Protein chains: 2
Amino acid sequence: MSSLNQEKCEACRADAPKVNDEELKELMAMIPDWVPVVKNNIMQLEREYSFKSYLDGLAFTQKLGEAAENEGHHPDILTEWGKVTVTWWSHKIKGLHRNDFIMASKTDQLYL
Amino acid sequence: MSSLNQEKCEACRADAPKVNDEELKELMAMIPDWVPVVKNNIMQLEREYSFKSYLDGLAFTQKLGEAAENEGHHPDILTEWGKVTVTWWSHKIKGLHRNDFIMASKTDQLYL
């Protein structure tokens, strides 16, 4: 259904456009397990993943962190017992860029 | 100065006592870089560690997570670009046990 995870992040400049309302609707439909949240006035994408153990969650955090480094785009990752919460947004534009949806989709793939 | 990091966590039961005000003052003095925070009505210990890169922070998260698993006591770890925020408390007693101060001190040692 989604081909977002096949895309690569492009370099994000401070003057890059945030996704508009129409794009937002279309892109959110491609990552149905994610929710848009607003923190400090910045729209972000968030998803909570469940794990059977702390070490399982920790391994996911590690895998995601390495994948993020490879793309040059870094999420916040909150590792807790039984769950890991991932948050994506583009710091440079203080909002959501297509890159964030690409990375959300790739994050889902790492969880499979 | 502190010998907390030489101690081992003891099994924490739901009827274990939270640290009292006097103990809190004494124990906080032994981990001067930590601050007590109250979240959801639960007192917790929190410290933010700085890192030069995302991968450095991620490596610390991994090291801490493994150490936590070995002690059977697990923190929340928020991994972000350039920093990792660690939060300790005892879920079973919804507050602070001596174990949390032991683990805070051990976390500091991992950062050295």
# chains A, B, ... in the order shown; residues from 1 in each chain; ligands from 1
>>> interface_residues(of="chain B", to="chain A", cutoff="7 Å", atoms="only C-alpha atoms", output="PyMOL selection string")
chain B and resi 58+62+65+74-81
>>> write_last_selection(atoms="N, CA and C atoms", output="PDB file, in the first residue's frame")
ATOM      1  N   LEU B  58      23.221   7.110  21.598  1.00  0.00           N
ATOM      2  CA  LEU B  58      22.594   5.800  21.387  1.00  0.00           C
ATOM      3  C   LEU B  58      23.408   4.688  22.065  1.00  0.00           C
ATOM      4  N   GLN B  62      22.181   2.133  25.050  1.00  0.00           N
ATOM      5  CA  GLN B  62      22.338   0.672  24.981  1.00  0.00           C
ATOM      6  C   GLN B  62      23.058   0.130  26.222  1.00  0.00           C
ATOM      7  N   GLY B  65      20.812   0.447  29.250  1.00  0.00           N
ATOM      8  CA  GLY B  65      19.712  -0.516  29.189  1.00  0.00           C
ATOM      9  C   GLY B  65      20.165  -1.912  29.604  1.00  0.00           C
ATOM     10  N   HIS B  74      14.542  -0.924  35.778  1.00  0.00           N
ATOM     11  CA  HIS B  74      14.589  -0.343  34.430  1.00  0.00           C
ATOM     12  C   HIS B  74      14.174   1.121  34.405  1.00  0.00           C
ATOM     13  N   PRO B  75      15.001   1.966  33.820  1.00  0.00           N
ATOM     14  CA  PRO B  75      14.657   3.395  33.727  1.00  0.00           C
ATOM     15  C   PRO B  75      13.914   3.715  32.436  1.00  0.00           C
ATOM     16  N   ASP B  76      13.339   4.899  32.393  1.00  0.00           N
ATOM     17  CA  ASP B  76      12.927   5.473  31.115  1.00  0.00           C
ATOM     18  C   ASP B  76      14.153   6.157  30.527  1.00  0.00           C
ATOM     19  N   ILE B  77      14.387   5.953  29.249  1.00  0.00           N
ATOM     20  CA  ILE B  77      15.537   6.576  28.584  1.00  0.00           C
ATOM     21  C   ILE B  77      15.046   7.291  27.336  1.00  0.00           C
ATOM     22  N   LEU B  78      15.217   8.598  27.307  1.00  0.00           N
ATOM     23  CA  LEU B  78      14.833   9.373  26.133  1.00  0.00           C
ATOM     24  C   LEU B  78      16.096   9.736  25.357  1.00  0.00           C
ATOM     25  N   THR B  79      16.213   9.160  24.148  1.00  0.00           N
ATOM     26  CA  THR B  79      17.389   9.386  23.310  1.00  0.00           C
ATOM     27  C   THR B  79      17.060  10.446  22.270  1.00  0.00           C
ATOM     28  N   GLU B  80      17.794  11.538  22.287  1.00  0.00           N
ATOM     29  CA  GLU B  80      17.605  12.612  21.316  1.00  0.00           C
ATOM     30  C   GLU B  80      18.953  12.963  20.713  1.00  0.00           C
ATOM     31  N   TRP B  81      18.970  13.838  19.707  1.00  0.00           N
ATOM     32  CA  TRP B  81      20.242  14.265  19.129  1.00  0.00           C
ATOM     33  C   TRP B  81      21.002  15.076  20.185  1.00  0.00           C
TER      34      TRP B  81
END
>>> residues_around(residues="Ala16 of chain B", least_positions_apart="5", cutoff="12 Å", atoms="only C-alpha atoms", output="ChimeraX atom specification")
/B:10-11,90-99
>>> write_last_selection(atoms="N, CA and C atoms", output="short mmCIF file (atom, residue, chain, number, x, y, z; two decimals), in the first residue's frame")
data_model
loop_
_atom_site.label_atom_id
_atom_site.label_comp_id
_atom_site.auth_asym_id
_atom_site.auth_seq_id
_atom_site.Cartn_x
_atom_site.Cartn_y
_atom_site.Cartn_z
N GLU B 10 18.01 -4.24 45.68
CA GLU B 10 17.32 -5.36 46.33
C GLU B 10 15.93 -5.47 45.70
N ALA B 11 15.34 -6.63 45.80
CA ALA B 11 14.00 -6.82 45.24
C ALA B 11 13.06 -5.82 45.89
N SER B 90 10.60 3.76 41.25
CA SER B 90 10.20 2.38 41.50
C SER B 90 8.71 2.23 41.25
N HIS B 91 8.40 1.55 40.16
CA HIS B 91 7.00 1.43 39.73
C HIS B 91 6.13 0.80 40.82
N LYS B 92 6.68 -0.21 41.48
CA LYS B 92 5.86 -0.95 42.45
C LYS B 92 5.40 -0.10 43.62
N ILE B 93 6.22 0.87 44.02
CA ILE B 93 5.82 1.71 45.16
C ILE B 93 5.44 3.12 44.71
N LYS B 94 5.40 3.32 43.39
CA LYS B 94 5.02 4.62 42.83
C LYS B 94 5.80 5.76 43.50
N GLY B 95 7.11 5.57 43.58
CA GLY B 95 7.92 6.61 44.20
C GLY B 95 9.37 6.19 44.21
N LEU B 96 10.15 6.81 45.10
CA LEU B 96 11.58 6.56 45.15
C LEU B 96 11.98 5.59 46.25
N HIS B 97 12.72 4.58 45.86
CA HIS B 97 13.30 3.59 46.77
C HIS B 97 14.81 3.80 46.72
N ARG B 98 15.51 3.32 47.72
CA ARG B 98 16.97 3.44 47.71
C ARG B 98 17.57 2.89 46.41
N ASN B 99 16.92 1.85 45.85
CA ASN B 99 17.37 1.28 44.57
C ASN B 99 17.56 2.36 43.48
#
>>> residues_around(residues="Phe60 of chain B", least_positions_apart="4", cutoff="8 Å", atoms="only C-alpha atoms", output="list in words")
Asp56, Leu64, Leu110 and Tyr111 of chain B
>>> residues_around(residues="segment 26-42 of chain B", least_positions_apart="6", cutoff="9 Å", atoms="only C-alpha atoms", output="list in words")
Met1, Ser2, Ser3, Leu4, Glu48, Trp89, Lys94, Gly95, Leu96, Arg98, Phe101, Ala104, Ser105 and Asp108 of chain B
>>> residues_around(residues="Met103 of chain A", least_positions_apart="3", cutoff="8 Å", atoms="only C-alpha atoms", output="PyMOL selection string")
chain A and resi 5+9+68+88+99-100+106-107
>>> closest_residue(among="B:Leu112, B:Cys12, B:Gly82, B:Lys25", to="Lys52 of chain B", atoms="only C-alpha atoms")
B:Gly82
